[in-house]
$ cat coords23.cif   # mmCIF, C-alpha atoms
data_input
#
loop_
_atom_site.label_atom_id
_atom_site.label_comp_id
_atom_site.auth_asym_id
_atom_site.auth_seq_id
_atom_site.Cartn_x
_atom_site.Cartn_y
_atom_site.Cartn_z
CA MET A 333 17.52 -14.76 12.14
CA HIS A 334 18.96 -11.73 13.86
CA SER A 335 18.16 -10.94 17.45
CA ALA A 336 17.55 -7.35 18.48
CA PRO A 337 20.19 -5.74 20.66
CA ALA A 338 19.27 -5.69 24.33
CA THR A 339 19.34 -1.86 24.57
CA PRO A 340 17.89 0.21 21.70
CA HIS A 341 20.11 3.07 20.60
CA ARG A 342 19.33 6.29 18.78
CA PRO A 343 21.16 6.68 15.46
CA SER A 344 22.68 9.93 14.25
CA PHE A 345 20.69 11.89 11.69
CA GLN A 346 23.28 10.98 9.04
CA GLU A 347 22.94 7.28 9.86
CA LEU A 348 19.15 7.54 9.68
CA THR A 349 19.37 9.27 6.29
CA PHE A 350 21.81 6.74 4.85
CA THR A 351 19.80 3.77 6.14
CA PHE A 352 16.47 4.94 4.76
CA ALA A 353 18.08 5.80 1.44
CA LYS A 354 19.18 2.14 1.33
CA ILE A 355 15.73 0.95 2.40
CA GLY A 356 14.13 3.10 -0.32
CA LEU A 357 16.32 1.47 -2.97
CA MET A 358 15.76 -2.06 -1.64
CA SER A 359 12.03 -1.95 -0.88
CA PHE A 360 10.71 -4.20 -3.64
CA GLY A 361 7.81 -6.60 -3.30
CA GLY A 362 4.96 -4.59 -1.84
CA PRO A 363 3.98 -3.65 1.73
CA ALA A 364 4.52 -7.07 3.28
CA ALA A 365 8.11 -7.30 2.08
CA GLN A 366 8.76 -3.62 2.91
CA ILE A 367 7.43 -3.96 6.45
CA GLY A 368 9.62 -7.03 6.90
CA LEU A 369 12.66 -5.19 5.50
CA MET A 370 12.24 -2.29 7.93
CA HIS A 371 11.75 -4.73 10.81
CA ARG A 372 14.92 -6.60 9.93
CA ILE A 373 17.02 -3.44 9.63
CA CYS A 374 15.53 -1.14 12.30
CA VAL A 375 14.64 -3.74 14.95
CA GLU A 376 16.81 -6.82 14.44
CA GLU A 377 20.06 -5.51 12.96
CA LYS A 378 20.39 -1.96 14.29
CA GLY A 379 18.18 -2.19 17.37
CA TRP A 380 16.80 1.33 16.97
CA ILE A 381 13.37 0.45 18.42
CA PRO A 382 12.10 -2.62 20.31
CA GLU A 383 9.76 -5.19 18.76
CA ASP A 384 6.65 -4.15 20.69
CA ARG A 385 7.07 -0.50 19.76
CA TYR A 386 7.50 -1.42 16.10
CA MET A 387 4.28 -3.47 16.14
CA HIS A 388 2.42 -0.66 17.90
CA ALA A 389 3.50 1.75 15.14
CA LEU A 390 2.57 -0.79 12.46
CA ASN A 391 -0.92 -1.33 13.88
CA TYR A 392 -1.52 2.43 13.92
CA CYS A 393 -0.36 2.76 10.31
CA MET A 394 -2.64 -0.10 9.26
CA LEU A 395 -5.52 1.92 10.67
CA LEU A 396 -4.76 4.94 8.48
CA PRO A 397 -5.79 5.56 4.87
CA GLY A 398 -2.93 5.52 2.39
CA PRO A 399 0.36 3.59 2.05
CA GLU A 400 1.01 1.90 5.40
CA ALA A 401 4.67 1.07 4.68
CA GLN A 402 5.55 4.70 3.92
CA GLN A 403 3.64 5.82 7.01
CA LEU A 404 5.59 3.29 9.07
CA ALA A 405 8.88 4.63 7.70
CA THR A 406 7.74 8.17 8.58
CA TYR A 407 6.71 7.04 12.07
CA ILE A 408 10.10 5.40 12.70
CA GLY A 409 11.95 8.49 11.45
CA TRP A 410 9.78 10.69 13.69
CA LEU A 411 10.45 8.50 16.73
CA LEU A 412 14.19 8.75 16.20
CA HIS A 413 14.66 12.37 15.02
CA GLY A 414 11.38 14.21 15.27
CA VAL A 415 9.72 15.93 12.32
CA ARG A 416 12.88 16.23 10.21
CA GLY A 417 13.58 12.51 10.73
CA GLY A 418 10.02 11.67 9.68
CA ILE A 419 10.24 13.82 6.55
CA VAL A 420 13.58 12.32 5.50
CA ALA A 421 12.55 8.71 6.17
CA GLY A 422 9.16 9.12 4.45
CA LEU A 423 10.59 10.90 1.39
CA LEU A 424 13.52 8.52 0.90
CA PHE A 425 11.15 5.58 1.09
CA VAL A 426 9.16 6.98 -1.87
CA LEU A 427 11.53 8.98 -4.12
CA PRO A 428 13.54 6.14 -5.78
CA GLY A 429 10.38 4.32 -6.82
CA LEU A 430 8.66 7.52 -7.94
CA VAL A 431 11.54 8.39 -10.29
CA VAL A 432 11.48 4.89 -11.79
CA ILE A 433 7.68 4.64 -12.12
CA LEU A 434 7.51 8.00 -13.93
CA ALA A 435 10.21 6.90 -16.36
CA LEU A 436 8.49 3.57 -16.99
CA SER A 437 5.11 5.29 -17.37
CA GLY A 438 6.60 7.47 -20.12
CA LEU A 439 7.93 4.42 -21.95
CA TYR A 440 4.58 2.69 -21.54
CA ALA A 441 2.62 5.68 -22.83
CA VAL A 442 4.81 6.00 -25.95
CA TYR A 443 5.67 2.38 -26.78
CA GLN A 444 2.80 0.43 -25.26
CA GLU A 445 1.66 -1.15 -28.49
CA THR A 446 4.98 -2.72 -29.38
CA THR A 447 5.35 -6.48 -29.15
CA LEU A 448 8.32 -6.10 -26.81
CA LEU A 449 6.54 -4.16 -24.07
CA ALA A 450 3.27 -6.06 -24.55
CA GLY A 451 5.09 -9.35 -23.96
CA LEU A 452 7.04 -8.06 -20.98
CA PHE A 453 3.91 -6.74 -19.27
CA PHE A 454 2.05 -9.96 -20.00
CA GLY A 455 4.68 -11.88 -18.05
CA LEU A 456 4.84 -9.31 -15.24
CA LYS A 457 1.09 -9.48 -14.68
CA ALA A 458 1.28 -13.23 -14.19
CA ALA A 459 4.11 -12.82 -11.67
CA VAL A 460 2.11 -10.25 -9.70
CA LEU A 461 -0.31 -13.00 -8.75
CA ALA A 462 2.36 -15.02 -6.93
CA ILE A 463 3.70 -11.87 -5.25
CA VAL A 464 0.27 -10.92 -3.89
CA VAL A 465 -0.23 -14.47 -2.54
CA GLU A 466 3.11 -14.15 -0.76
CA ALA A 467 1.92 -10.84 0.71
CA VAL A 468 -1.12 -12.58 2.19
CA ILE A 469 1.09 -15.22 3.81
CA ARG A 470 3.73 -12.80 5.13
CA ILE A 471 1.29 -10.34 6.68
CA GLY A 472 -0.91 -13.18 7.91
CA LYS A 473 1.93 -14.77 9.87
CA ARG A 474 2.46 -11.52 11.78
CA ALA A 475 -1.16 -10.43 12.19
CA LEU A 476 -3.13 -13.66 12.73
CA LYS A 477 -1.85 -14.61 16.16
CA SER A 478 -5.06 -16.17 17.47
CA GLY A 479 -8.25 -17.88 16.37
CA PHE A 480 -10.11 -14.62 16.95
CA HIS A 481 -7.85 -12.78 14.49
CA ARG A 482 -8.16 -15.56 11.91
CA PHE A 483 -11.95 -15.37 12.28
CA LEU A 484 -11.88 -11.60 11.63
CA ALA A 485 -9.69 -12.09 8.55
CA ALA A 486 -12.17 -14.66 7.17
CA LEU A 487 -15.11 -12.32 7.78
CA ALA A 488 -13.28 -9.45 6.08
CA PHE A 489 -12.67 -11.62 3.03
CA ILE A 490 -16.35 -12.64 2.86
CA ALA A 491 -17.45 -9.02 3.30
CA HIS A 492 -15.34 -7.93 0.32
CA PHE A 493 -15.57 -10.91 -2.01
CA PHE A 494 -19.27 -11.75 -1.68
CA LEU A 495 -20.87 -8.58 -0.30
CA ALA A 496 -18.61 -5.83 -1.72
CA LEU A 497 -18.84 -3.92 1.56
CA PRO A 498 -16.69 -0.77 1.78
CA PHE A 499 -13.32 -1.08 3.49
CA PRO A 500 -13.98 1.67 6.12
CA LEU A 501 -17.04 -0.25 7.33
CA VAL A 502 -15.00 -3.47 7.60
CA VAL A 503 -12.29 -1.59 9.53
CA LEU A 504 -14.85 -0.07 11.91
CA VAL A 505 -16.49 -3.42 12.65
CA ALA A 506 -13.12 -5.16 13.13
CA GLY A 507 -11.90 -2.40 15.46
CA LEU A 508 -15.06 -2.58 17.56
CA ALA A 509 -14.80 -6.37 17.69
CA GLY A 510 -11.22 -6.11 18.89
CA LEU A 511 -12.24 -3.49 21.43
CA PHE A 512 -15.05 -5.48 23.02
CA PHE A 513 -14.46 -9.17 22.30
CA SER A 514 -10.70 -9.78 22.33
CA ARG A 515 -9.25 -11.81 25.19
CA PRO A 516 -7.73 -10.04 28.18
CA VAL A 517 -3.96 -9.74 27.92
CA SER A 518 -1.20 -9.06 30.38
CA VAL A 519 1.14 -6.09 30.18
CA SER A 520 3.96 -8.28 28.88
CA ASP A 521 1.92 -10.04 26.17
CA PRO A 522 4.20 -10.04 23.09
CA VAL A 523 1.28 -10.47 20.70
CA GLN A 524 -0.55 -7.31 21.68
CA GLY A 525 2.64 -5.41 22.44
CA ASN A 526 1.36 -3.86 25.66
CA GLU A 527 3.77 -1.96 27.84
CA PRO A 528 3.52 1.14 30.00
CA SER A 529 2.91 4.18 27.79
CA ASP A 530 5.68 6.73 27.32
CA ARG A 531 4.72 9.68 29.53
CA SER A 532 7.34 11.86 27.87
CA TYR A 533 4.87 12.41 25.03
CA ARG A 534 2.58 15.18 26.26
CA PRO A 535 1.26 16.80 23.06
CA ALA A 536 -0.35 20.19 23.59
CA PHE A 537 -3.66 20.35 21.75
CA HIS A 538 -3.12 23.83 20.30
CA ARG A 539 0.34 22.84 19.01
CA GLN A 540 -0.95 19.67 17.35
CA LEU A 541 -3.84 21.62 15.83
CA ALA A 542 -1.33 24.09 14.33
CA VAL A 543 0.70 21.17 12.93
CA LEU A 544 -2.45 19.68 11.41
CA LEU A 545 -3.53 22.96 9.78
CA PHE A 546 -0.03 23.64 8.38
CA TRP A 547 0.19 20.27 6.65
CA ILE A 548 -3.38 20.46 5.33
CA ILE A 549 -2.72 23.90 3.77
CA LEU A 550 0.56 22.64 2.28
CA TRP A 551 -1.18 19.54 0.90
CA LEU A 552 -4.05 21.44 -0.76
CA ALA A 553 -1.96 24.37 -2.07
CA PRO A 554 -1.51 22.94 -5.63
CA PHE A 555 -5.26 22.67 -6.25
CA PRO A 556 -6.13 26.40 -6.57
CA ILE A 557 -2.90 26.98 -8.50
CA LEU A 558 -3.86 24.30 -11.03
CA ALA A 559 -7.43 25.56 -11.25
CA LEU A 560 -6.31 29.13 -11.96
CA ALA A 561 -3.47 28.24 -14.34
CA LEU A 562 -5.08 25.44 -16.34
CA GLY A 563 -8.80 25.65 -15.65
CA GLU A 564 -10.83 22.49 -16.04
CA GLY A 565 -8.92 19.51 -17.39
CA ALA A 566 -7.20 16.27 -16.58
CA LEU A 567 -4.59 17.68 -14.19
CA SER A 568 -7.15 19.42 -11.99
CA ASP A 569 -9.28 16.28 -12.02
CA VAL A 570 -6.22 14.18 -11.13
CA PHE A 571 -5.49 16.25 -8.02
CA ALA A 572 -9.15 16.30 -6.95
CA LEU A 573 -9.56 12.54 -7.39
CA PHE A 574 -6.37 11.44 -5.64
CA ALA A 575 -6.70 13.96 -2.82
CA LYS A 576 -10.08 12.38 -2.11
CA MET A 577 -8.60 8.89 -2.45
CA ALA A 578 -5.91 9.72 0.10
CA LEU A 579 -8.61 10.30 2.71
CA VAL A 580 -10.80 7.24 2.11
CA THR A 581 -8.56 4.50 0.68
CA PHE A 582 -7.77 2.25 3.61
CA GLY A 583 -5.61 -0.82 3.08
CA GLY A 584 -3.04 0.69 0.70
CA ALA A 585 -2.77 -0.03 -3.01
CA TYR A 586 -4.42 -3.43 -2.68
CA ALA A 587 -7.66 -1.94 -1.39
CA VAL A 588 -7.73 1.12 -3.70
CA LEU A 589 -6.90 -0.66 -6.96
CA ALA A 590 -10.35 -1.80 -8.02
CA TYR A 591 -12.05 1.54 -7.28
CA VAL A 592 -9.43 3.69 -9.02
CA ALA A 593 -9.47 1.37 -12.03
CA GLN A 594 -13.22 1.77 -12.29
CA VAL A 595 -13.15 5.57 -12.02
CA ALA A 596 -10.15 6.05 -14.32
CA VAL A 597 -11.53 3.71 -17.00
CA GLU A 598 -15.29 4.30 -16.92
CA GLN A 599 -15.74 7.85 -15.64
CA TYR A 600 -12.66 9.76 -16.88
CA GLN A 601 -11.50 7.32 -19.61
CA TRP A 602 -7.84 7.96 -18.78
CA LEU A 603 -7.06 4.24 -19.03
CA ARG A 604 -8.29 1.43 -21.22
CA PRO A 605 -9.60 -1.81 -19.65
CA GLY A 606 -6.72 -3.96 -18.42
CA GLU A 607 -4.19 -1.13 -18.20
CA MET A 608 -4.51 -0.93 -14.41
CA LEU A 609 -2.95 -4.39 -14.15
CA ASP A 610 -0.13 -3.18 -16.40
CA GLY A 611 0.37 -0.33 -13.95
CA LEU A 612 0.50 -2.63 -10.95
CA ALA A 613 3.04 -4.78 -12.78
CA LEU A 614 5.10 -1.62 -13.32
CA ALA A 615 4.82 -0.72 -9.64
CA GLU A 616 5.95 -4.23 -8.70
CA THR A 617 9.15 -3.73 -10.70
CA THR A 618 10.07 -0.59 -8.76
CA PRO A 619 11.06 0.00 -5.14
CA GLY A 620 8.73 1.89 -2.83
CA PRO A 621 5.00 1.65 -2.03
CA LEU A 622 2.72 -0.18 -4.44
CA VAL A 623 0.42 2.83 -4.29
CA LEU A 624 2.92 4.43 -6.71
CA VAL A 625 0.71 2.75 -9.30
CA LEU A 626 -1.50 5.83 -8.87
CA SER A 627 1.27 8.02 -10.30
CA TYR A 628 1.15 5.79 -13.39
CA VAL A 629 -2.58 6.56 -13.64
CA GLY A 630 -1.88 10.28 -13.21
CA PHE A 631 0.83 10.12 -15.89
CA LEU A 632 -1.50 8.52 -18.43
CA ALA A 633 -4.26 11.01 -17.56
CA GLY A 634 -1.97 13.96 -18.29
CA PHE A 635 -0.43 12.31 -21.35
CA ARG A 636 -3.82 11.59 -22.96
CA ASP A 637 -5.38 14.96 -22.07
CA PRO A 638 -2.41 17.37 -22.16
CA GLY A 639 -4.26 20.59 -22.95
CA ILE A 640 -1.72 23.24 -23.98
CA MET A 641 1.27 21.22 -22.69
CA HIS A 642 3.45 18.68 -24.48
CA PRO A 643 1.98 15.20 -23.75
CA LEU A 644 5.10 13.92 -21.97
CA MET A 645 5.37 17.08 -19.86
CA ALA A 646 1.68 16.86 -19.01
CA GLY A 647 2.17 13.20 -18.14
CA LEU A 648 5.09 14.02 -15.85
CA ALA A 649 3.03 16.76 -14.20
CA GLY A 650 0.14 14.33 -13.72
CA GLY A 651 2.39 11.74 -12.09
CA LEU A 652 3.96 14.30 -9.73
CA ILE A 653 0.60 15.83 -8.81
CA THR A 654 -0.74 12.37 -8.01
CA ALA A 655 2.26 11.62 -5.80
CA TRP A 656 1.81 14.90 -3.93
CA ALA A 657 -1.92 14.31 -3.37
CA THR A 658 -1.28 10.70 -2.28
CA PHE A 659 1.76 10.91 -0.02
CA VAL A 660 1.58 14.28 1.78
CA PRO A 661 -1.41 13.12 3.90
CA SER A 662 0.80 10.35 5.30
CA PHE A 663 2.94 13.01 6.97
CA ILE A 664 -0.22 14.65 8.32
CA TRP A 665 -1.42 11.44 10.01
CA ILE A 666 1.96 10.75 11.59
CA PHE A 667 2.98 14.24 12.77
CA ALA A 668 -0.51 15.07 14.09
CA GLY A 669 -1.46 11.66 15.49
CA ALA A 670 1.69 9.77 16.47
CA PRO A 671 2.30 11.77 19.70
CA TYR A 672 -1.13 10.70 20.95
CA MET A 673 -0.49 7.10 19.89
CA GLU A 674 2.74 7.05 21.88
CA ARG A 675 0.89 8.48 24.85
CA LEU A 676 -1.65 5.63 24.60
CA ARG A 677 0.87 2.89 23.84
CA GLY A 678 0.09 0.98 27.05
CA ASN A 679 -3.67 1.00 26.54
CA ARG A 680 -4.76 -2.64 26.30
CA ARG A 681 -8.10 -1.93 24.60
CA LEU A 682 -6.54 0.30 21.95
CA ASN A 683 -3.91 -2.31 21.12
CA ALA A 684 -6.60 -4.97 20.85
CA ALA A 685 -8.61 -2.82 18.43
CA LEU A 686 -5.55 -2.04 16.27
CA SER A 687 -4.55 -5.71 16.12
CA ALA A 688 -8.08 -6.64 15.03
CA ILE A 689 -7.96 -4.07 12.23
CA THR A 690 -4.64 -5.48 11.04
CA ALA A 691 -6.23 -8.94 10.93
CA ALA A 692 -9.09 -7.60 8.80
CA VAL A 693 -6.59 -6.13 6.33
CA VAL A 694 -5.27 -9.67 5.73
CA GLY A 695 -8.74 -10.66 4.52
CA VAL A 696 -8.81 -7.67 2.18
CA ILE A 697 -5.46 -8.64 0.66
CA LEU A 698 -6.68 -12.22 0.24
CA ASN A 699 -9.66 -10.83 -1.69
CA LEU A 700 -7.23 -9.04 -4.00
CA ALA A 701 -5.25 -12.23 -4.54
CA VAL A 702 -8.41 -14.00 -5.72
CA TRP A 703 -9.36 -11.01 -7.89
CA PHE A 704 -5.93 -11.04 -9.51
CA ALA A 705 -6.01 -14.78 -10.05
CA LEU A 706 -9.28 -14.53 -11.95
CA HIS A 707 -8.25 -11.56 -14.10
CA VAL A 708 -4.80 -12.92 -14.93
CA VAL A 709 -5.83 -16.45 -15.85
CA PHE A 710 -9.18 -15.69 -17.52
CA THR A 711 -10.04 -13.06 -20.11
CA ARG A 712 -13.83 -13.12 -19.55
CA ILE A 713 -15.44 -12.86 -16.10
CA GLU A 714 -19.00 -11.99 -15.10
CA ASP A 715 -20.57 -11.22 -11.72
CA VAL A 716 -23.23 -13.72 -10.69
CA THR A 717 -25.84 -12.79 -8.07
CA LEU A 718 -26.28 -15.60 -5.56
CA LEU A 719 -28.84 -14.02 -3.23
CA GLN A 720 -30.64 -10.75 -2.58
CA VAL A 721 -32.01 -10.06 0.89
CA ALA A 722 -33.40 -6.72 2.06
CA GLY A 723 -31.51 -4.79 -0.59
CA LEU A 724 -28.21 -6.58 0.15
CA SER A 725 -26.79 -8.44 -2.83
CA VAL A 726 -24.58 -11.50 -2.40
CA SER A 727 -22.58 -12.10 -5.57
CA MET A 728 -19.33 -13.54 -6.82
CA PRO A 729 -17.29 -13.37 -10.03
CA ARG A 730 -17.60 -16.39 -12.33
CA PRO A 731 -14.91 -16.96 -14.96
CA ASP A 732 -15.59 -18.31 -18.43
CA PHE A 733 -13.35 -21.39 -18.41
CA ALA A 734 -13.21 -21.35 -22.20
CA SER A 735 -11.32 -18.04 -21.91
CA MET A 736 -8.49 -19.48 -19.79
CA ASP A 737 -5.06 -18.16 -20.81
CA LEU A 738 -2.79 -21.19 -20.42
CA ALA A 739 0.40 -19.17 -20.99
CA ALA A 740 -0.52 -16.80 -18.14
CA LEU A 741 -1.33 -19.76 -15.89
CA VAL A 742 2.01 -21.44 -16.63
CA ILE A 743 3.98 -18.24 -15.95
CA ALA A 744 2.07 -17.67 -12.70
CA VAL A 745 2.85 -21.23 -11.56
CA ILE A 746 6.55 -20.81 -12.44
CA SER A 747 6.62 -17.53 -10.50
CA ALA A 748 5.02 -19.22 -7.49
CA LEU A 749 7.57 -22.05 -7.62
CA MET A 750 10.44 -19.55 -7.77
CA ILE A 751 9.14 -17.66 -4.73
CA PHE A 752 7.80 -20.47 -2.52
CA ARG A 753 9.85 -23.51 -3.51
CA PHE A 754 13.21 -22.07 -4.54
CA HIS A 755 13.04 -18.87 -2.41
CA GLN A 756 14.07 -16.56 -5.22
CA GLY A 757 13.85 -12.79 -4.73
CA ILE A 758 11.10 -10.60 -6.16
CA GLY A 759 13.44 -8.93 -8.66
CA ARG A 760 14.72 -12.17 -10.17
CA THR A 761 11.20 -13.62 -10.32
CA LEU A 762 9.89 -10.56 -12.17
CA ILE A 763 12.76 -10.64 -14.68
CA VAL A 764 12.21 -14.33 -15.46
CA SER A 765 8.44 -13.84 -15.75
CA ALA A 766 8.85 -10.83 -18.04
CA LEU A 767 11.15 -12.80 -20.36
CA LEU A 768 8.75 -15.76 -20.38
CA GLY A 769 5.89 -13.39 -21.24
CA LEU A 770 7.91 -11.95 -24.10
CA VAL A 771 8.67 -15.41 -25.46
CA ALA A 772 5.00 -16.40 -25.14
CA ARG A 773 3.83 -13.35 -27.07
CA LEU A 774 6.44 -13.82 -29.82
CA VAL A 775 5.80 -17.56 -30.24
CA LEU A 776 2.05 -17.91 -29.62
#
$ encode --input "coords23.cif" --output "structure tokens"
Amino acid sequence: MHSAPATPHRPSFQELTFTFAKIGLMSFGGPAAQIGLMHRICVEEKGWIPEDRYMHALNYCMLLPGPEAQQLATYIGWLLHGVRGGIVAGLLFVLPGLVVILALSGLYAVYQETTLLAGLFFGLKAAVLAIVVEAVIRIGKRALKSGFHRFLAALAFIAHFFLALPFPLVVLVAGLAGLFFSRPVSVSDPVQGNEPSDRSYRPAFHRQLAVLLFWIILWLAPFPILALALGEGALSDVFALFAKMALVTFGGAYAVLAYVAQVAVEQYQWLRPGEMLDGLALAETTPGPLVLVLSYVGFLAGFRDPGIMHPLMAGLAGGLITAWATFVPSFIWIFAGAPYMERLRGNRRLNAALSAITAAVVGVILNLAVWFALHVVFTRIEDVTLLQVAGLSVSMPRPDFASMDLAALVIAVISALMIFRFHQGIGRTLIVSALLGLVARLVL
């Protein structure tokens, strides 16, 4: 365990660029592992920012819609080198994974039906289960610092798993609970990260409004161009859908997965049932945010409804359009909001609310872990209504135990043993699981 240097130092722009290029290439394993990687490098090894400031930034990013790890990278880059530092850190965190996911999406779209890829993805899906469980544990250790936070995480899980309440409502309730019911803390409390706010941040309202409008115009610019050039079709629908998702999908890829799968499969028919899990398995094999799985969805949408374009070119365009719609808002939230967050860094009530929201996110990720476990191990699942009161339905998924896939269960257990018992890395675990899945499909 490294200890942070006593005095934080500001890196050169070249050092920042090189470091985040390395982070972008190394950031496997989803948001929990990525947040831990940035903490180890930026706080413990290089001492660029202190622990409490890192946690303050993390809690703010957890509050935002979209990929929290990429937003955290952008926030750190902005703290160290302003807007250009934020742009470089945020882009380098995403670009390596985006290049890989687009290449893999092309291979998947063309060769999906082959035994080789079918077996590899079968094994990868089983490994994803163990990786998501590890995400719950890693984030939980950092976020659940008290009985109050553990209580909020449990309530968030119940709200999602049994009541299917929307994530924004859960976030709002958790934030209000943290605001009004959390224990009083002292200025030096390491859990809440309270310290005197930085008075050097004095954002002028008119300047921040101009920043906000500039980034919104830049973000939405492709939509009228697509509408005029291509008219109605998959690519215009892709931008419209994922631009909307970027504004309402709190909790990162874990929270957005089920909704996007439903819309892409049932409404637009871009994907077939089960292909969303294949996409998440692809995203797990690449560095960068797990929300890159949405570029896989955009690629398949363009590939299967190419219009006048070649299918692979339309797929590439769909993947890039999705990435633009998904990731540009992250820069908006940071560049427009971070100056105010730094100004309020010493506010005890705000820190309590942000910490409570982070705790609720742990419950959401736990819900995903259970959802994955059911869909990986069983092939048939039905929703069972337990209770209906005043229009509110309490239900839960019930698997058909006769549909249990023993091969998937065995691979998931082996993946869990590799991660938890033998402390193997995500990359090695995924490779072993993919090979086991291939063997299972060839033999069984």
$ atom_distance --input "coords23.cif" --atom1 "atom CA of A:Gly455" --atom2 "atom CA of A:Val702"
18.1 Å
$ residues_around --input "coords23.cif" --residues "stretch 548-550 of chain A" --least-positions-apart "3" --cutoff "8 Å" --atoms "only C-alpha atoms" --output "MDAnalysis selection string"
chainID A and resid 544:545 553 661 664
$ atom_distance --input "coords23.cif" --atom1 "atom CA of A:Gln756" --atom2 "atom CA of A:Gly368"
16.0 Å
$ atom_distance --input "coords23.cif" --atom1 "atom CA of A:Lys354" --atom2 "atom CA of A:Tyr392"
24.2 Å
$ residues_around --input "coords23.cif" --residues "A:Leu456" --least-positions-apart "6" --cutoff "7 Å" --atoms "only C-alpha atoms" --output "list in words"
Ala613, Leu762, Ser765 and Ala766 of chain A
$ resolve_selection --input "coords23.cif" --expression "the PyMOL selection byres ((chain A and resi 419-436) around 6)" --output "list of chain:residue names"
A:Phe352, A:Ala353, A:Gly356, A:Gln402, A:Ala405, A:Thr406, A:Gly409, A:Arg416, A:Gly417, A:Gly418, A:Ser437, A:Gly438, A:Leu439, A:Thr618, A:Pro619, A:Gly620
$ resolve_selection --input "coords23.cif" --expression "the PyMOL selection byres ((chain A and resi 621) around 9)" --output "list of chain:residue names"
A:Ser359, A:Phe360, A:Gly361, A:Gly362, A:Pro363, A:Gln366, A:Pro399, A:Glu400, A:Ala401, A:Gln402, A:Phe425, A:Val426, A:Gly429, A:Gly584, A:Ala585, A:Ala615, A:Glu616, A:Thr618, A:Pro619, A:Gly620, A:Leu622, A:Val623, A:Leu624, A:Val625
$ residues_around --input "coords23.cif" --residues "A:Val597" --least-positions-apart "6" --cutoff "10 Å" --atoms "only C-alpha atoms" --output "ChimeraX atom specification"
/A:591,603-608,629
$ write_last_selection --input "coords23.cif" --atoms "C-alpha atoms" --output "CSV table (one decimal), keeping the file's coordinate frame"
chain,number,residue,atom,x,y,z
A,591,TYR,CA,-12.0,1.5,-7.3
A,603,LEU,CA,-7.1,4.2,-19.0
A,604,ARG,CA,-8.3,1.4,-21.2
A,605,PRO,CA,-9.6,-1.8,-19.6
A,606,GLY,CA,-6.7,-4.0,-18.4
A,607,GLU,CA,-4.2,-1.1,-18.2
A,608,MET,CA,-4.5,-0.9,-14.4
A,629,VAL,CA,-2.6,6.6,-13.6
$ resolve_selection --input "coords23.cif" --expression "the PyMOL selection byres ((chain A and resi 374) around 10)" --output "PyMOL selection string"
chain A and resi 336+340+348+351-352+368-373+375-383+386+405+408
$ residues_around --input "coords23.cif" --residues "stretch 681-684 of chain A" --least-positions-apart "2" --cutoff "6 Å" --atoms "all atoms listed in the file" --output "mmCIF file with C-alpha atoms, in the frame of the given file"
data_model
loop_
_atom_site.group_PDB
_atom_site.id
_atom_site.type_symbol
_atom_site.label_atom_id
_atom_site.label_comp_id
_atom_site.auth_asym_id
_atom_site.auth_seq_id
_atom_site.Cartn_x
_atom_site.Cartn_y
_atom_site.Cartn_z
ATOM 1 C CA GLY A 510 -11.220 -6.110 18.890
ATOM 2 C CA LEU A 511 -12.240 -3.490 21.430
ATOM 3 C CA ASN A 679 -3.670 1.000 26.540
ATOM 4 C CA LEU A 686 -5.550 -2.040 16.270
ATOM 5 C CA SER A 687 -4.550 -5.710 16.120
#
$ closest_residue --input "coords23.cif" --among "A:Val660, A:Leu644, A:Ala578, A:Ala739" --to "A:Pro554" --atoms "all atoms listed in the file"
A:Val660
$ closest_residue --input "coords23.cif" --among "A:Phe350, A:His492, A:Leu449, A:Ala485" --to "A:Lys473" --atoms "only C-alpha atoms"
A:Ala485
